[in-house]
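Each remark here refers to the structure printed beneath this line.
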Amino acid sequence: MRREDVDTNLGARGISLTFSSGDYGVGDGNSDPAKQTCLTNDGKNSTRFQPLFPASCPYVTSVGGTVGVPEVAVTRFYSGGGFSDYFKRPSYQDKAVKAFLKTLPDSTYDGLYNPEGRGIPDVAAQGDRFRIYLSGVPRSIGGTSASSPTFAGLVALLNDDRLSQGLPPLGFLNPLLYSRGLQGFNDITVGHNSGCGTIGFNVNDPSYVVTKRFY
């Protein structure tokens, strides 16, 4: 059984899966064309954006990172975002992604990404300046590995409320997030996600693939 089949089955059983979208923008987090490392492994060594798996699986919820209040795209690292070369865009994303693609100037990043692919992230949450204690020493950390469990915690609270009312858990979230769930989100409209020798996708205009939605 393939990994994406497992994710599908878990969602059908009422389990919500969230994954970090990554901390390197559209690939390696490097905006310098001379130093970027986003090369294909097909023997051609072509530059190509590199969205993460399993975050790019269409049967999981991919979570990007924000920082501050009011929130902007995280700046100490670059929230992962882009389009899968492996998974086609799911129907629940059609409206959002098509609207985003229309905001890009013609020929933007032609050949660097797949405009027909599954887009990530689906949502975003605070992903930096988390206080932890490591070996008894306080430290500040960050990453979408912090924002993903933060969002998962919100989902757990919603499920707790639903179960208390005799309702089933939310399960696979994405069709809901892109439809009725939209009213619970705000657009993040400041920031970008550099990588692969580019500044990545910019959110000066409401954008999809950096941190389109925050719960």
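Ligands are numbered from 1 in the order shown, chains are lettered A, B, ... in the order of the structure tokens, and residues start at 1 in each chain.
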Query - Residues within 7 Å of Asn114 (chain A), only C-alpha atoms, excluding chain neighbours under 3 positions, as a ChimeraX atom specification - result: /A:83-85,117
**Report entry** Arg139 (chain A) environment, 9 Å, only C-alpha atoms, sequence neighbours closer than 6 positions dropped, as a list in words
**Finding:** Arg129, Phe130, Arg131, Ile132 and Tyr133 of chain A
Query raised in the report: With only C-alpha atoms as the atoms that count, which of A:Val63, A:Cys196, A:Leu176, A:Val26 lies nearest to Pro51 (chain A)?
Result: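 Closest to Pro51 (chain A), using only C-alpha atoms: A:Val26.
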Report task. For Gln50 (chain A), please output as JSON, numbers by chain all residues within 10 Å (counting only C-alpha atoms; exclusion window: fewer than 3 positions along the same chain). Result -> {"A": [24, 25, 26, 27, 28, 38, 39, 40, 47, 53, 80, 81, 82, 83, 84, 85, 112, 113, 195, 196]}
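You can rank A:Gly142, A:Gly153, A:Tyr59, A:Thr75 by their closest distance to Leu173 (chain A) using only C-alpha atoms, and at the top of that list sits A:Tyr59.
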Report task. Run DSSP on the backbone and give me the residues of region 90-213 of chain A it puts in strand (DSSP E), as a ChimeraX atom specification. Result -> /A:117-120,123-126,130-134,137-141
Query raised in the report: Counting only C-alpha atoms, what is within 12 Å of Gly68 (chain A), bar same-chain residues fewer than 6 positions away, as a VMD selection string?
Result: chain A and resid 74 to 76 125 to 130 188 190
Query - Point-to-point distance from CA of Ala34 (chain A) to CA of Val203 (chain A), Å rounded to tenths - result: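 Separation of CA of Ala34 (chain A) and CA of Val203 (chain A): 24.5 Å.
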